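Here is the file my_file-v2.pdb (PDB, C-alpha atoms).
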MODEL        1
ATOM      1  CA  MET W   1       0.000   0.000   0.000
ATOM      2  CA  VAL W   2       1.213   3.495  -0.741
ATOM      3  CA  GLN W   3       2.584   5.311   2.293
ATOM      4  CA  TRP W   4       1.865   9.028   2.507
ATOM      5  CA  THR W   5       3.753  11.442   4.728
ATOM      6  CA  ASP W   6       1.787  14.068   6.639
ATOM      7  CA  PHE W   7       3.220  16.694   4.315
ATOM      8  CA  GLU W   8       2.042  14.793   1.225
ATOM      9  CA  ARG W   9      -1.487  14.291   2.578
ATOM     10  CA  ALA W  10      -1.791  17.911   3.619
ATOM     11  CA  THR W  11      -0.390  19.112   0.298
ATOM     12  CA  ILE W  12      -2.814  17.062  -1.806
ATOM     13  CA  GLN W  13      -5.821  18.085   0.295
ATOM     14  CA  ASP W  14      -4.691  21.697   0.140
ATOM     15  CA  ILE W  15      -4.228  21.746  -3.636
ATOM     16  CA  PHE W  16      -7.605  20.168  -4.325
ATOM     17  CA  SER W  17      -9.384  22.444  -1.882
ATOM     18  CA  LYS W  18      -7.995  25.485  -3.685
ATOM     19  CA  ILE W  19      -8.385  24.634  -7.364
ATOM     20  CA  ASP W  20     -11.593  25.324  -9.236
ATOM     21  CA  TYR W  21     -12.596  21.957 -10.675
ATOM     22  CA  ASP W  22     -14.705  23.624 -13.350
ATOM     23  CA  ILE W  23     -11.640  25.433 -14.670
ATOM     24  CA  VAL W  24      -8.867  22.923 -14.085
ATOM     25  CA  GLY W  25     -10.700  19.879 -15.458
ATOM     26  CA  PRO W  26     -11.559  21.414 -18.839
ATOM     27  CA  ALA W  27      -8.152  23.137 -19.049
ATOM     28  CA  ALA W  28      -6.244  19.894 -18.469
ATOM     29  CA  LEU W  29      -8.279  17.857 -20.931
ATOM     30  CA  SER W  30      -8.227  20.470 -23.686
ATOM     31  CA  ARG W  31      -4.482  20.956 -23.167
ATOM     32  CA  CYS W  32      -3.978  17.219 -23.587
ATOM     33  CA  LEU W  33      -5.990  17.172 -26.833
ATOM     34  CA  ILE W  34      -3.939  20.084 -28.177
ATOM     35  CA  VAL W  35      -0.445  19.121 -27.038
ATOM     36  CA  TYR W  36      -0.868  15.393 -27.761
ATOM     37  CA  PRO W  37      -3.263  15.446 -30.719
ATOM     38  CA  TRP W  38      -3.498  11.658 -31.119
ATOM     39  CA  THR W  39      -5.593  11.624 -27.941
ATOM     40  CA  GLN W  40      -8.379  13.234 -29.979
ATOM     41  CA  ARG W  41      -9.129   9.805 -31.451
ATOM     42  CA  TYR W  42     -11.013   8.882 -28.280
ATOM     43  CA  PHE W  43     -13.396  11.781 -28.730
ATOM     44  CA  GLY W  44     -14.815  11.177 -32.201
ATOM     45  CA  SER W  45     -18.329  12.046 -31.023
ATOM     46  CA  PHE W  46     -17.310  15.373 -29.497
ATOM     47  CA  GLY W  47     -17.696  17.426 -32.665
ATOM     48  CA  ASN W  48     -15.267  20.134 -33.673
ATOM     49  CA  LEU W  49     -11.711  19.451 -32.461
ATOM     50  CA  TYR W  50      -9.935  20.838 -35.512
ATOM     51  CA  ASN W  51      -7.829  23.471 -33.816
ATOM     52  CA  ALA W  52      -6.894  24.779 -30.400
ATOM     53  CA  ALA W  53      -9.639  27.415 -30.385
ATOM     54  CA  ALA W  54     -12.296  24.826 -31.255
ATOM     55  CA  ILE W  55     -11.044  22.450 -28.573
ATOM     56  CA  THR W  56     -10.939  25.059 -25.801
ATOM     57  CA  SER W  57     -14.455  26.245 -26.608
ATOM     58  CA  ASN W  58     -15.943  22.790 -27.132
ATOM     59  CA  PRO W  59     -18.684  22.231 -24.516
ATOM     60  CA  LYS W  60     -18.370  18.424 -24.612
ATOM     61  CA  VAL W  61     -14.646  18.682 -23.872
ATOM     62  CA  ALA W  62     -15.384  21.042 -20.992
ATOM     63  CA  ALA W  63     -18.064  18.751 -19.599
ATOM     64  CA  HIS W  64     -15.806  15.748 -19.814
ATOM     65  CA  GLY W  65     -12.953  17.653 -18.176
ATOM     66  CA  LYS W  66     -15.217  18.185 -15.170
ATOM     67  CA  VAL W  67     -16.081  14.458 -15.122
ATOM     68  CA  VAL W  68     -12.365  13.614 -15.003
ATOM     69  CA  LEU W  69     -11.741  15.986 -12.096
ATOM     70  CA  ALA W  70     -14.757  14.633 -10.228
ATOM     71  CA  GLY W  71     -13.191  11.195 -10.650
ATOM     72  CA  LEU W  72      -9.894  12.526  -9.308
ATOM     73  CA  GLU W  73     -11.669  13.840  -6.248
ATOM     74  CA  LYS W  74     -12.526  10.255  -5.301
ATOM     75  CA  ALA W  75      -8.823   9.541  -5.049
ATOM     76  CA  VAL W  76      -8.265  12.697  -2.989
ATOM     77  CA  LYS W  77     -10.932  11.466  -0.554
ATOM     78  CA  ASN W  78      -9.578   7.898  -0.418
ATOM     79  CA  MET W  79      -5.831   8.325  -0.508
ATOM     80  CA  ASP W  80      -5.234   5.112   1.414
ATOM     81  CA  ASP W  81      -6.997   2.910  -1.088
ATOM     82  CA  ILE W  82      -6.887   4.520  -4.495
ATOM     83  CA  LYS W  83      -6.438   1.109  -6.101
ATOM     84  CA  THR W  84      -9.855  -0.160  -4.960
ATOM     85  CA  THR W  85     -11.484   3.212  -5.557
ATOM     86  CA  TYR W  86     -10.450   3.066  -9.226
ATOM     87  CA  SER W  87     -10.984  -0.605  -9.895
ATOM     88  CA  ASP W  88     -14.255  -0.109 -11.817
ATOM     89  CA  LEU W  89     -12.922   2.929 -13.681
ATOM     90  CA  SER W  90      -9.894   0.903 -14.704
ATOM     91  CA  VAL W  91     -12.080  -1.898 -16.079
ATOM     92  CA  LEU W  92     -14.176   0.700 -17.921
ATOM     93  CA  HIS W  93     -11.153   2.334 -19.597
ATOM     94  CA  SER W  94      -9.704  -1.036 -20.532
ATOM     95  CA  GLU W  95     -12.718  -3.012 -21.692
ATOM     96  CA  LYS W  96     -15.206  -0.422 -22.926
ATOM     97  CA  LEU W  97     -13.235   2.685 -23.842
ATOM     98  CA  HIS W  98     -10.081   0.858 -25.005
ATOM     99  CA  VAL W  99      -7.828   3.713 -23.911
ATOM    100  CA  ASP W 100      -4.083   3.144 -24.328
ATOM    101  CA  PRO W 101      -2.945   3.463 -20.689
ATOM    102  CA  ASP W 102       0.133   5.456 -21.725
ATOM    103  CA  ASN W 103      -2.301   8.306 -22.312
ATOM    104  CA  PHE W 104      -3.053   8.498 -18.575
ATOM    105  CA  ASN W 105       0.481   9.831 -18.109
ATOM    106  CA  LEU W 106      -0.048  12.478 -20.766
ATOM    107  CA  LEU W 107      -3.230  13.747 -19.119
ATOM    108  CA  ALA W 108      -1.455  13.664 -15.747
ATOM    109  CA  ASP W 109       1.357  15.816 -17.197
ATOM    110  CA  CYS W 110      -1.128  18.346 -18.542
ATOM    111  CA  LEU W 111      -2.912  18.420 -15.193
ATOM    112  CA  THR W 112       0.431  19.085 -13.476
ATOM    113  CA  ILE W 113       1.136  22.008 -15.780
ATOM    114  CA  VAL W 114      -2.340  23.502 -15.261
ATOM    115  CA  VAL W 115      -2.012  23.214 -11.472
ATOM    116  CA  ALA W 116       1.529  24.657 -11.636
ATOM    117  CA  SER W 117       0.358  27.672 -13.622
ATOM    118  CA  GLN W 118      -2.544  28.214 -11.218
ATOM    119  CA  MET W 119      -0.348  28.017  -8.136
ATOM    120  CA  GLY W 120       2.681  29.866  -9.468
ATOM    121  CA  LYS W 121       5.436  30.168  -6.858
ATOM    122  CA  ALA W 122       3.458  28.059  -4.387
ATOM    123  CA  PHE W 123       4.092  25.036  -6.616
ATOM    124  CA  SER W 124       7.526  24.471  -5.102
ATOM    125  CA  GLY W 125       9.708  21.412  -5.677
ATOM    126  CA  ASP W 126       8.331  19.705  -2.532
ATOM    127  CA  VAL W 127       4.729  20.405  -3.565
ATOM    128  CA  GLN W 128       5.467  19.190  -7.086
ATOM    129  CA  ALA W 129       6.980  15.975  -5.719
ATOM    130  CA  ALA W 130       3.861  15.293  -3.612
ATOM    131  CA  PHE W 131       1.526  16.075  -6.509
ATOM    132  CA  GLN W 132       3.435  13.917  -8.972
ATOM    133  CA  LYS W 133       3.482  11.035  -6.488
ATOM    134  CA  PHE W 134      -0.302  11.359  -6.133
ATOM    135  CA  VAL W 135      -0.965  11.359  -9.893
ATOM    136  CA  ALA W 136       1.483   8.484 -10.337
ATOM    137  CA  VAL W 137      -0.556   6.416  -7.863
ATOM    138  CA  VAL W 138      -3.770   7.399  -9.669
ATOM    139  CA  VAL W 139      -2.288   6.393 -13.041
ATOM    140  CA  ALA W 140      -1.004   3.083 -11.638
ATOM    141  CA  SER W 141      -4.461   2.349 -10.208
ATOM    142  CA  LEU W 142      -6.109   3.089 -13.535
ATOM    143  CA  ARG W 143      -3.698   0.672 -15.223
ATOM    144  CA  LYS W 144      -4.286  -2.042 -12.641
ATOM    145  CA  GLN W 145      -7.237  -3.818 -14.277
ATOM    146  CA  TYR W 146      -5.749  -3.837 -17.771
ATOM    147  CA  HIS W 147      -4.731  -7.216 -19.044
TER     148      HIS W 147
ATOM    149  CA  MET Q 148      16.665  18.000 -38.804
ATOM    150  CA  VAL Q 149      13.749  19.512 -36.944
ATOM    151  CA  LYS Q 150      11.617  21.898 -38.993
ATOM    152  CA  TRP Q 151      10.370  25.084 -37.378
ATOM    153  CA  THR Q 152       7.622  27.352 -38.681
ATOM    154  CA  GLU Q 153       7.989  31.117 -38.265
ATOM    155  CA  GLU Q 154       5.186  30.969 -35.711
ATOM    156  CA  GLU Q 155       7.028  28.341 -33.652
ATOM    157  CA  ARG Q 156      10.272  30.348 -33.722
ATOM    158  CA  ARG Q 157       8.371  33.405 -32.559
ATOM    159  CA  ILE Q 158       6.723  31.440 -29.746
ATOM    160  CA  ILE Q 159      10.025  29.967 -28.510
ATOM    161  CA  ARG Q 160      11.679  33.389 -28.464
ATOM    162  CA  GLY Q 161       8.593  34.824 -26.737
ATOM    163  CA  VAL Q 162       8.801  32.274 -23.939
ATOM    164  CA  TRP Q 163      12.590  32.532 -23.619
ATOM    165  CA  GLU Q 164      12.712  36.293 -23.286
ATOM    166  CA  LYS Q 165      10.528  35.967 -20.188
ATOM    167  CA  VAL Q 166      12.961  33.561 -18.543
ATOM    168  CA  ASP Q 167      15.402  35.131 -16.079
ATOM    169  CA  ILE Q 168      18.385  32.787 -16.297
ATOM    170  CA  ASN Q 169      19.511  33.554 -12.733
ATOM    171  CA  GLU Q 170      16.078  32.981 -11.238
ATOM    172  CA  VAL Q 171      15.182  29.865 -13.197
ATOM    173  CA  GLY Q 172      18.703  28.430 -12.993
ATOM    174  CA  ALA Q 173      18.503  28.120  -9.203
ATOM    175  CA  GLN Q 174      14.902  26.876  -9.130
ATOM    176  CA  LEU Q 175      15.575  24.242 -11.728
ATOM    177  CA  TRP Q 176      17.656  22.124  -9.378
ATOM    178  CA  ALA Q 177      15.263  22.794  -6.473
ATOM    179  CA  ARG Q 178      12.686  20.930  -8.510
ATOM    180  CA  ALA Q 179      14.794  18.235 -10.120
ATOM    181  CA  LEU Q 180      16.655  17.173  -6.971
ATOM    182  CA  ILE Q 181      13.503  17.100  -4.849
ATOM    183  CA  VAL Q 182      11.147  15.470  -7.340
ATOM    184  CA  TYR Q 183      13.717  13.005  -8.724
ATOM    185  CA  PRO Q 184      16.088  12.498  -5.780
ATOM    186  CA  TRP Q 185      18.285   9.908  -7.519
ATOM    187  CA  ILE Q 186      19.764  12.843  -9.438
ATOM    188  CA  GLU Q 187      21.670  13.643  -6.223
ATOM    189  CA  ARG Q 188      24.171  10.945  -7.162
ATOM    190  CA  TYR Q 189      25.639  13.246  -9.819
ATOM    191  CA  PHE Q 190      26.359  15.970  -7.305
ATOM    192  CA  GLY Q 191      28.479  14.178  -4.726
ATOM    193  CA  ASN Q 192      30.904  17.074  -4.273
ATOM    194  CA  PHE Q 193      28.341  19.890  -4.300
ATOM    195  CA  GLY Q 194      27.864  19.999  -0.536
ATOM    196  CA  ASP Q 195      24.396  20.244   0.993
ATOM    197  CA  ILE Q 196      21.786  19.520  -1.675
ATOM    198  CA  PHE Q 197      19.254  17.701   0.447
ATOM    199  CA  THR Q 198      16.585  20.258   1.281
ATOM    200  CA  THR Q 199      14.880  22.929  -0.800
ATOM    201  CA  THR Q 200      16.497  25.698   1.279
ATOM    202  CA  ALA Q 201      19.954  24.181   0.933
ATOM    203  CA  ILE Q 202      19.501  23.698  -2.803
ATOM    204  CA  LEU Q 203      18.309  27.260  -3.393
ATOM    205  CA  ASN Q 204      21.294  28.616  -1.434
ATOM    206  CA  ASN Q 205      23.898  26.350  -2.973
ATOM    207  CA  PRO Q 206      26.290  28.435  -5.071
ATOM    208  CA  LYS Q 207      27.586  25.460  -7.088
ATOM    209  CA  LEU Q 208      24.035  24.553  -8.130
ATOM    210  CA  ALA Q 209      23.242  28.169  -8.982
ATOM    211  CA  ALA Q 210      26.342  28.315 -11.173
ATOM    212  CA  LEU Q 211      25.490  25.021 -12.872
ATOM    213  CA  GLY Q 212      21.914  26.195 -13.422
ATOM    214  CA  LYS Q 213      23.268  29.212 -15.288
ATOM    215  CA  VAL Q 214      25.493  26.961 -17.388
ATOM    216  CA  VAL Q 215      22.543  24.757 -18.375
ATOM    217  CA  LEU Q 216      20.348  27.707 -19.266
ATOM    218  CA  SER Q 217      23.131  29.463 -21.164
ATOM    219  CA  ALA Q 218      23.385  26.375 -23.342
ATOM    220  CA  LEU Q 219      19.615  26.561 -23.831
ATOM    221  CA  ASP Q 220      19.995  30.228 -24.746
ATOM    222  CA  THR Q 221      22.452  29.222 -27.479
ATOM    223  CA  ALA Q 222      19.867  26.727 -28.717
ATOM    224  CA  VAL Q 223      17.189  29.438 -28.913
ATOM    225  CA  GLU Q 224      19.598  31.517 -31.022
ATOM    226  CA  ASN Q 225      20.498  28.584 -33.283
ATOM    227  CA  MET Q 226      17.342  26.596 -33.730
ATOM    228  CA  ASP Q 227      18.560  24.989 -36.935
ATOM    229  CA  ASN Q 228      21.703  23.487 -35.475
ATOM    230  CA  PHE Q 229      21.035  21.733 -32.173
ATOM    231  CA  LYS Q 230      23.181  18.742 -33.123
ATOM    232  CA  GLY Q 231      26.137  21.058 -33.743
ATOM    233  CA  ILE Q 232      25.689  23.003 -30.492
ATOM    234  CA  TYR Q 233      25.140  19.959 -28.326
ATOM    235  CA  ALA Q 234      27.504  17.387 -29.863
ATOM    236  CA  SER Q 235      30.435  18.011 -27.527
ATOM    237  CA  LEU Q 236      28.138  18.503 -24.501
ATOM    238  CA  SER Q 237      26.485  15.189 -25.308
ATOM    239  CA  ARG Q 238      29.844  13.466 -25.601
ATOM    240  CA  GLN Q 239      30.966  15.018 -22.299
ATOM    241  CA  HIS Q 240      27.827  13.844 -20.467
ATOM    242  CA  TYR Q 241      28.235  10.384 -21.961
ATOM    243  CA  GLU Q 242      31.961   9.810 -21.556
ATOM    244  CA  ASN Q 243      33.033  11.931 -18.574
ATOM    245  CA  ILE Q 244      30.025  12.693 -16.408
ATOM    246  CA  LYS Q 245      28.228   9.439 -17.264
ATOM    247  CA  VAL Q 246      24.714  10.811 -16.950
ATOM    248  CA  ASP Q 247      21.796   8.467 -17.570
ATOM    249  CA  PRO Q 248      20.144  10.162 -20.579
ATOM    250  CA  ASP Q 249      16.637   9.628 -19.145
ATOM    251  CA  ASN Q 250      17.516  12.441 -16.791
ATOM    252  CA  PHE Q 251      17.693  14.963 -19.649
ATOM    253  CA  ARG Q 252      13.971  14.445 -20.202
ATOM    254  CA  LEU Q 253      13.253  14.845 -16.490
ATOM    255  CA  LEU Q 254      15.262  18.047 -16.319
ATOM    256  CA  ALA Q 255      13.389  19.333 -19.376
ATOM    257  CA  GLU Q 256      10.087  18.634 -17.578
ATOM    258  CA  CYS Q 257      11.281  20.590 -14.569
ATOM    259  CA  ILE Q 258      12.218  23.504 -16.823
ATOM    260  CA  THR Q 259       8.725  23.458 -18.354
ATOM    261  CA  ILE Q 260       7.037  23.347 -14.960
ATOM    262  CA  THR Q 261       9.182  26.203 -13.638
ATOM    263  CA  ILE Q 262       8.183  28.235 -16.686
ATOM    264  CA  ALA Q 263       4.511  27.278 -16.170
ATOM    265  CA  CYS Q 264       4.672  28.623 -12.615
ATOM    266  CA  LYS Q 265       6.142  31.883 -13.889
ATOM    267  CA  LEU Q 266       4.175  32.434 -17.088
ATOM    268  CA  LYS Q 267       0.905  30.909 -15.832
ATOM    269  CA  ALA Q 268      -1.878  31.388 -18.410
ATOM    270  CA  GLU Q 269       0.629  32.720 -20.942
ATOM    271  CA  LEU Q 270       1.863  29.158 -21.248
ATOM    272  CA  SER Q 271      -1.253  28.368 -23.247
ATOM    273  CA  PRO Q 272      -1.749  24.860 -24.691
ATOM    274  CA  GLN Q 273      -0.305  25.915 -28.046
ATOM    275  CA  VAL Q 274       2.683  27.611 -26.454
ATOM    276  CA  GLN Q 275       3.234  24.540 -24.273
ATOM    277  CA  ALA Q 276       3.122  22.272 -27.320
ATOM    278  CA  THR Q 277       5.699  24.378 -29.169
ATOM    279  CA  TRP Q 278       7.932  24.742 -26.130
ATOM    280  CA  GLN Q 279       7.845  20.970 -25.535
ATOM    281  CA  LYS Q 280       8.743  20.363 -29.166
ATOM    282  CA  PHE Q 281      11.760  22.651 -28.665
ATOM    283  CA  LEU Q 282      12.894  20.882 -25.479
ATOM    284  CA  SER Q 283      12.364  17.433 -27.035
ATOM    285  CA  ALA Q 284      14.685  18.440 -29.858
ATOM    286  CA  VAL Q 285      17.278  19.661 -27.328
ATOM    287  CA  VAL Q 286      16.972  16.425 -25.340
ATOM    288  CA  GLU Q 287      17.410  14.427 -28.550
ATOM    289  CA  ALA Q 288      20.544  16.420 -29.378
ATOM    290  CA  MET Q 289      21.867  15.704 -25.866
ATOM    291  CA  ASN Q 290      21.256  11.999 -26.550
ATOM    292  CA  SER Q 291      22.986  12.135 -29.938
ATOM    293  CA  GLN Q 292      26.486  11.080 -28.876
ATOM    294  CA  TYR Q 293      25.311   8.257 -26.632
ATOM    295  CA  LYS Q 294      25.949   4.867 -28.113
TER     296      LYS Q 294
ENDMDL
END
What is this file in structure tokens?
Amino acid sequence: MVQWTDFERATIQDIFSKIDYDIVGPAALSRCLIVYPWTQRYFGSFGNLYNAAAITSNPKVAAHGKVVLAGLEKAVKNMDDIKTTYSDLSVLHSEKLHVDPDNFNLLADCLTIVVASQMGKAFSGDVQAAFQKFVAVVVASLRKQYH
Amino acid sequence: MVKWTEEERRIIRGVWEKVDINEVGAQLWARALIVYPWIERYFGNFGDIFTTTAILNNPKLAALGKVVLSALDTAVENMDNFKGIYASLSRQHYENIKVDPDNFRLLAECITITIACKLKAELSPQVQATWQKFLSAVVEAMNSQYK
């Protein structure tokens, strides 16, 4: 089981209490679709994704960004058993959505950059380390049910 | 050779002119050494590099940060000749310093995150994509003399 220091727990709770899910979720997802364009293939039914402007103003992308962050909140609330918390989501992404699990890392990177630009100086090396450990555990849990 | 559009060149220069080499040079190691602690093994004779405070006050790290960013500055000025600029640096890191080349990518990530904290919303998705393309090309050039 993942061990969290007091600093790491406090840092994760603090970050997620301060960010606006309705901004960060859509920003992270749209960034991912722009910076790593092959990820757009999972969103064929989302309509216009032809350029950055279209992606950032696409309401389906925004809505789905919020869904992703809501999912992340489950991990924030269950830091001592993220694996079990994400078991169903992992099965879903593997068996129904057929998402290449490498893409979880790309979305995690984009989320890190969005949080960094929101927090500015407050996103110190120690805070970054805690955040990246958290998203790494989330990504590993999402990969867990793939076979 | 990597191809750059005029737009991409403009974006890279736009990001770079906002980077204060002294400021970012020190912070760079404060992120890399904390988030990826195994990097400490390359700095055995640098003194105290084990806490954020120590890292930020370490003159050897500050000096090395400036060296790294000065090399990046040369790359920004010579975007059509990374291999040429970085050939001897690559050879030096391979033969003398014996750096695991995976670490170049990690350092590049830390540079991007430091810039995200500084530039915030100005590091838009498109700017991020272009900046990451630039750093990937630099990292590739640093890998070029590794066998």
For this session: Let me know the residues the PyMOL selection byres ((chain W) within 12 of (chain Q)) catches in the file above, as a ChimeraX atom specification.
Result: /W:24,26-37,51-53,55-56,109-133
Can you spit out the residues from that selection as an mmCIF file, keeping the file's coordinate frame, using C-alpha atoms?
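Wrote it out as selection31.cif, contents follow:
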data_model
loop_
_atom_site.group_PDB
_atom_site.id
_atom_site.type_symbol
_atom_site.label_atom_id
_atom_site.label_comp_id
_atom_site.auth_asym_id
_atom_site.auth_seq_id
_atom_site.Cartn_x
_atom_site.Cartn_y
_atom_site.Cartn_z
ATOM 1 C CA VAL W 24 -8.867 22.923 -14.085
ATOM 2 C CA PRO W 26 -11.559 21.414 -18.839
ATOM 3 C CA ALA W 27 -8.152 23.137 -19.049
ATOM 4 C CA ALA W 28 -6.244 19.894 -18.469
ATOM 5 C CA LEU W 29 -8.279 17.857 -20.931
ATOM 6 C CA SER W 30 -8.227 20.470 -23.686
ATOM 7 C CA ARG W 31 -4.482 20.956 -23.167
ATOM 8 C CA CYS W 32 -3.978 17.219 -23.587
ATOM 9 C CA LEU W 33 -5.990 17.172 -26.833
ATOM 10 C CA ILE W 34 -3.939 20.084 -28.177
ATOM 11 C CA VAL W 35 -0.445 19.121 -27.038
ATOM 12 C CA TYR W 36 -0.868 15.393 -27.761
ATOM 13 C CA PRO W 37 -3.263 15.446 -30.719
ATOM 14 C CA ASN W 51 -7.829 23.471 -33.816
ATOM 15 C CA ALA W 52 -6.894 24.779 -30.400
ATOM 16 C CA ALA W 53 -9.639 27.415 -30.385
ATOM 17 C CA ILE W 55 -11.044 22.450 -28.573
ATOM 18 C CA THR W 56 -10.939 25.059 -25.801
ATOM 19 C CA ASP W 109 1.357 15.816 -17.197
ATOM 20 C CA CYS W 110 -1.128 18.346 -18.542
ATOM 21 C CA LEU W 111 -2.912 18.420 -15.193
ATOM 22 C CA THR W 112 0.431 19.085 -13.476
ATOM 23 C CA ILE W 113 1.136 22.008 -15.780
ATOM 24 C CA VAL W 114 -2.340 23.502 -15.261
ATOM 25 C CA VAL W 115 -2.012 23.214 -11.472
ATOM 26 C CA ALA W 116 1.529 24.657 -11.636
ATOM 27 C CA SER W 117 0.358 27.672 -13.622
ATOM 28 C CA GLN W 118 -2.544 28.214 -11.218
ATOM 29 C CA MET W 119 -0.348 28.017 -8.136
ATOM 30 C CA GLY W 120 2.681 29.866 -9.468
ATOM 31 C CA LYS W 121 5.436 30.168 -6.858
ATOM 32 C CA ALA W 122 3.458 28.059 -4.387
ATOM 33 C CA PHE W 123 4.092 25.036 -6.616
ATOM 34 C CA SER W 124 7.526 24.471 -5.102
ATOM 35 C CA GLY W 125 9.708 21.412 -5.677
ATOM 36 C CA ASP W 126 8.331 19.705 -2.532
ATOM 37 C CA VAL W 127 4.729 20.405 -3.565
ATOM 38 C CA GLN W 128 5.467 19.190 -7.086
ATOM 39 C CA ALA W 129 6.980 15.975 -5.719
ATOM 40 C CA ALA W 130 3.861 15.293 -3.612
ATOM 41 C CA PHE W 131 1.526 16.075 -6.509
ATOM 42 C CA GLN W 132 3.435 13.917 -8.972
ATOM 43 C CA LYS W 133 3.482 11.035 -6.488
#
Problem set entry | the PyMOL selection byres ((chain Q and resi 240) around 12) applied to the shown file, residues as a VMD selection string | chain Q and resid 189 233 to 239 241 to 248 250 to 251 288 to 294
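In this structure, atom CA of Leu69 of chain W sits 6.2 Å away from atom CA of Tyr21 of chain W.
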Problem set entry | For Ala136 of chain W: contacts at 10 Å, all atoms listed in the file, fewer than 6 positions along chain excluded, given as a PyMOL selection string | chain W and resi 104-105+108+130+142
Exercise. Can you list, as a PyMOL selection string, every protein, DNA or RNA residue that comes within 8 Å of Val137 of chain W when you count all atoms listed in the file, leaving out same-chain residues fewer than 4 positions away?
Worked result: chain W and resi 2+82+133+141
Exercise. Thr84 of chain W: which residues within 10 Å, counting only C-alpha atoms, same-chain residues fewer than 3 positions away excluded, as a list of chain:residue names?
Worked result: W:Ala75, W:Asn78, W:Asp80, W:Asp81, W:Ser87, W:Asp88, W:Leu89, W:Ser90, W:Ser141, W:Leu142, W:Lys144
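Residue nearest Leu106 of chain W, chosen from W:Tyr146, W:Val135, W:Gln3, W:Ala63 and counting all atoms listed in the file: W:Val135.
Relative to atom CA of Gly65 of chain W, atom CA of Glu8 of chain W is found at 24.7 Å.
You will find atom CA of Ile168 of chain Q at 15.7 Å from atom CA of Asn204 of chain Q.
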Problem set entry | Answer key for the PyMOL selection byres ((chain Q and resi 149) around 12), residues as JSON, numbers by chain | {"Q": [148, 150, 151, 152, 155, 156, 225, 226, 227, 228, 229, 230, 280, 281, 282, 283, 284, 285, 287, 288]}
Take the structure in the block and write a file for segment 36-47 of chain W, N, CA, C and O atoms, as a PDB file, in the first residue's frame.
ATOM      1  N   TYR W  36      -1.058  16.774 -27.309  1.00  0.00           N
ATOM      2  CA  TYR W  36      -0.868  15.393 -27.761  1.00  0.00           C
ATOM      3  C   TYR W  36      -2.041  15.007 -28.657  1.00  0.00           C
ATOM      4  O   TYR W  36      -2.935  14.270 -28.239  1.00  0.00           O
ATOM      5  N   PRO W  37      -2.050  15.493 -29.890  1.00  0.00           N
ATOM      6  CA  PRO W  37      -3.263  15.446 -30.719  1.00  0.00           C
ATOM      7  C   PRO W  37      -3.812  14.045 -30.982  1.00  0.00           C
ATOM      8  O   PRO W  37      -4.998  13.898 -31.263  1.00  0.00           O
ATOM      9  N   TRP W  38      -2.980  13.005 -30.872  1.00  0.00           N
ATOM     10  CA  TRP W  38      -3.498  11.658 -31.119  1.00  0.00           C
ATOM     11  C   TRP W  38      -4.565  11.271 -30.098  1.00  0.00           C
ATOM     12  O   TRP W  38      -5.369  10.403 -30.358  1.00  0.00           O
ATOM     13  N   THR W  39      -4.579  11.951 -28.954  1.00  0.00           N
ATOM     14  CA  THR W  39      -5.593  11.624 -27.941  1.00  0.00           C
ATOM     15  C   THR W  39      -6.994  11.999 -28.411  1.00  0.00           C
ATOM     16  O   THR W  39      -7.988  11.531 -27.870  1.00  0.00           O
ATOM     17  N   GLN W  40      -7.071  12.842 -29.460  1.00  0.00           N
ATOM     18  CA  GLN W  40      -8.379  13.234 -29.979  1.00  0.00           C
ATOM     19  C   GLN W  40      -9.160  12.037 -30.509  1.00  0.00           C
ATOM     20  O   GLN W  40     -10.383  12.075 -30.598  1.00  0.00           O
ATOM     21  N   ARG W  41      -8.432  10.948 -30.845  1.00  0.00           N
ATOM     22  CA  ARG W  41      -9.129   9.805 -31.451  1.00  0.00           C
ATOM     23  C   ARG W  41     -10.164   9.188 -30.529  1.00  0.00           C
ATOM     24  O   ARG W  41     -11.062   8.498 -30.966  1.00  0.00           O
ATOM     25  N   TYR W  42     -10.035   9.447 -29.213  1.00  0.00           N
ATOM     26  CA  TYR W  42     -11.013   8.882 -28.280  1.00  0.00           C
ATOM     27  C   TYR W  42     -12.282   9.705 -28.199  1.00  0.00           C
ATOM     28  O   TYR W  42     -13.224   9.328 -27.518  1.00  0.00           O
ATOM     29  N   PHE W  43     -12.288  10.839 -28.886  1.00  0.00           N
ATOM     30  CA  PHE W  43     -13.396  11.781 -28.730  1.00  0.00           C
ATOM     31  C   PHE W  43     -14.075  12.077 -30.054  1.00  0.00           C
ATOM     32  O   PHE W  43     -14.463  13.196 -30.336  1.00  0.00           O
ATOM     33  N   GLY W  44     -14.233  11.035 -30.870  1.00  0.00           N
ATOM     34  CA  GLY W  44     -14.815  11.177 -32.201  1.00  0.00           C
ATOM     35  C   GLY W  44     -16.202  11.778 -32.186  1.00  0.00           C
ATOM     36  O   GLY W  44     -16.610  12.465 -33.116  1.00  0.00           O
ATOM     37  N   SER W  45     -16.943  11.557 -31.078  1.00  0.00           N
ATOM     38  CA  SER W  45     -18.329  12.046 -31.023  1.00  0.00           C
ATOM     39  C   SER W  45     -18.434  13.435 -30.422  1.00  0.00           C
ATOM     40  O   SER W  45     -19.526  13.938 -30.165  1.00  0.00           O
ATOM     41  N   PHE W  46     -17.276  14.084 -30.177  1.00  0.00           N
ATOM     42  CA  PHE W  46     -17.310  15.373 -29.497  1.00  0.00           C
ATOM     43  C   PHE W  46     -17.456  16.559 -30.431  1.00  0.00           C
ATOM     44  O   PHE W  46     -17.515  17.701 -29.993  1.00  0.00           O
ATOM     45  N   GLY W  47     -17.488  16.303 -31.746  1.00  0.00           N
ATOM     46  CA  GLY W  47     -17.696  17.426 -32.665  1.00  0.00           C
ATOM     47  C   GLY W  47     -16.390  18.062 -33.076  1.00  0.00           C
ATOM     48  O   GLY W  47     -15.403  17.389 -33.329  1.00  0.00           O
TER      49      GLY W  47
END
